[in-house]
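Participant: My structure file work.pdb, PDB, C-alpha atoms, is below:
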```pdb
ATOM      1  CA  MET A   1     -64.350 -37.674  29.913  1.00  0.00           C
ATOM      2  CA  SER A   2     -62.459 -40.421  31.709  1.00  0.00           C
ATOM      3  CA  GLU A   3     -58.700 -40.588  31.645  1.00  0.00           C
ATOM      4  CA  VAL A   4     -56.972 -43.720  30.455  1.00  0.00           C
ATOM      5  CA  SER A   5     -53.920 -44.597  32.488  1.00  0.00           C
ATOM      6  CA  HIS A   6     -51.017 -46.179  30.703  1.00  0.00           C
ATOM      7  CA  PRO A   7     -49.444 -48.967  32.732  1.00  0.00           C
ATOM      8  CA  ARG A   8     -45.729 -48.678  33.348  1.00  0.00           C
ATOM      9  CA  ARG A   9     -43.477 -51.254  31.777  1.00  0.00           C
ATOM     10  CA  VAL A  10     -42.433 -53.933  34.221  1.00  0.00           C
ATOM     11  CA  PRO A  11     -38.705 -54.767  34.264  1.00  0.00           C
ATOM     12  CA  ASN A  12     -37.921 -58.058  32.514  1.00  0.00           C
ATOM     13  CA  GLN A  13     -36.123 -59.356  35.619  1.00  0.00           C
ATOM     14  CA  TRP A  14     -39.367 -59.037  37.591  1.00  0.00           C
ATOM     15  CA  LEU A  15     -41.329 -60.932  34.956  1.00  0.00           C
ATOM     16  CA  GLU A  16     -38.699 -63.683  34.799  1.00  0.00           C
ATOM     17  CA  SER A  17     -38.669 -63.936  38.587  1.00  0.00           C
ATOM     18  CA  MET A  18     -42.467 -64.211  38.670  1.00  0.00           C
ATOM     19  CA  GLU A  19     -42.410 -66.988  36.076  1.00  0.00           C
ATOM     20  CA  ARG A  20     -39.769 -68.902  38.060  1.00  0.00           C
ATOM     21  CA  SER A  21     -41.819 -68.443  41.224  1.00  0.00           C
ATOM     22  CA  LYS A  22     -44.981 -69.704  39.555  1.00  0.00           C
ATOM     23  CA  ALA A  23     -43.125 -72.778  38.285  1.00  0.00           C
ATOM     24  CA  GLN A  24     -41.664 -73.437  41.738  1.00  0.00           C
ATOM     25  CA  ILE A  25     -45.089 -73.125  43.364  1.00  0.00           C
ATOM     26  CA  ALA A  26     -46.588 -75.467  40.766  1.00  0.00           C
ATOM     27  CA  THR A  27     -43.989 -78.125  41.619  1.00  0.00           C
ATOM     28  CA  GLY A  28     -44.433 -77.641  45.367  1.00  0.00           C
ATOM     29  CA  GLN A  29     -41.037 -76.100  46.017  1.00  0.00           C
ATOM     30  CA  THR A  30     -40.735 -73.934  49.099  1.00  0.00           C
ATOM     31  CA  VAL A  31     -38.149 -71.728  50.773  1.00  0.00           C
ATOM     32  CA  PRO A  32     -37.239 -71.707  54.453  1.00  0.00           C
ATOM     33  CA  LEU A  33     -39.067 -68.933  56.313  1.00  0.00           C
ATOM     34  CA  LEU A  34     -36.392 -67.991  58.862  1.00  0.00           C
ATOM     35  CA  PRO A  35     -33.909 -66.457  56.365  1.00  0.00           C
ATOM     36  CA  VAL A  36     -36.738 -64.374  54.898  1.00  0.00           C
ATOM     37  CA  LEU A  37     -37.763 -63.161  58.362  1.00  0.00           C
ATOM     38  CA  ASP A  38     -34.114 -62.390  59.183  1.00  0.00           C
ATOM     39  CA  ARG A  39     -33.803 -60.232  56.063  1.00  0.00           C
ATOM     40  CA  LEU A  40     -37.033 -58.387  56.909  1.00  0.00           C
ATOM     41  CA  ARG A  41     -35.854 -57.800  60.484  1.00  0.00           C
ATOM     42  CA  GLU A  42     -32.482 -56.496  59.263  1.00  0.00           C
ATOM     43  CA  SER A  43     -34.208 -54.149  56.833  1.00  0.00           C
ATOM     44  CA  ALA A  44     -36.501 -52.827  59.565  1.00  0.00           C
ATOM     45  CA  GLU A  45     -33.558 -52.281  61.900  1.00  0.00           C
ATOM     46  CA  ARG A  46     -31.629 -50.459  59.170  1.00  0.00           C
ATOM     47  CA  LEU A  47     -34.616 -48.178  58.467  1.00  0.00           C
ATOM     48  CA  GLU A  48     -35.109 -47.485  62.174  1.00  0.00           C
ATOM     49  CA  ALA A  49     -31.436 -46.555  62.501  1.00  0.00           C
ATOM     50  CA  GLU A  50     -31.647 -44.239  59.486  1.00  0.00           C
ATOM     51  CA  MET A  51     -34.753 -42.563  60.918  1.00  0.00           C
ATOM     52  CA  ASP A  52     -33.330 -42.567  64.473  1.00  0.00           C
ATOM     53  CA  VAL A  53     -36.494 -44.241  65.788  1.00  0.00           C
ATOM     54  CA  SER A  54     -36.912 -47.214  68.082  1.00  0.00           C
ATOM     55  CA  PRO A  55     -39.553 -49.861  67.268  1.00  0.00           C
ATOM     56  CA  ASP A  56     -41.776 -48.636  70.121  1.00  0.00           C
ATOM     57  CA  GLU A  57     -41.630 -44.939  69.246  1.00  0.00           C
ATOM     58  CA  VAL A  58     -44.305 -43.216  67.263  1.00  0.00           C
ATOM     59  CA  ARG A  59     -43.008 -40.381  65.190  1.00  0.00           C
ATOM     60  CA  PRO A  60     -45.528 -37.804  63.950  1.00  0.00           C
ATOM     61  CA  SER A  61     -45.638 -37.342  60.229  1.00  0.00           C
ATOM     62  CA  SER A  62     -44.806 -33.985  58.667  1.00  0.00           C
ATOM     63  CA  SER A  63     -48.435 -33.485  57.629  1.00  0.00           C
ATOM     64  CA  GLN A  64     -49.602 -33.168  61.250  1.00  0.00           C
TER      65      GLN A  64
END
```
Will you turn the file into structure tokens for me?
Facilitator:
Amino acid sequence: MSEVSHPRRVPNQWLESMERSKAQIATGQTVPLLPVLDRLRESAERLEAEMDVSPDEVRPSSSQ
């Protein structure tokens, strides 16, 4: 017998954001890429600092 998975409810804010994004794409609106890349870089740096790892280090996982 196969199991039926029940999808989790998506937060309304996510759905509203997706609708806004679709409308913006449809009208050709764009966002500047550099601020997005800056936020990604900052997030990566914050995670590296929390894990005490440099970008060039490879840290073995606990399963090895």
Participant: State, in Å with one decimal place, the distance from atom CA of A:Leu37 to atom CA of A:Arg20.
Facilitator: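 We find that atom CA of A:Leu37 and atom CA of A:Arg20 lie 21.2 Å from each other.
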Participant: For atom CA of A:Val53 and atom CA of A:Leu33, determine how far apart the two atoms are, in Å to one decimal place.
Facilitator: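 These two atoms are separated by 26.6 Å.
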Participant: What gap, in Å, lies between atom CA of A:Arg41 and atom CA of A:Gln24?
Facilitator: 25.1 Å
Participant: Let me have the centre and edge lengths of the axis-aligned box enclosing all listed atoms of stretch 9-24 of chain A with 5 Å padding on every side, in Å to one decimal, as JSON.
Facilitator:
```
{"center_x": -40.6, "center_y": -62.3, "center_z": 36.8, "size_x": 18.9, "size_y": 32.2, "size_z": 20.0}
```
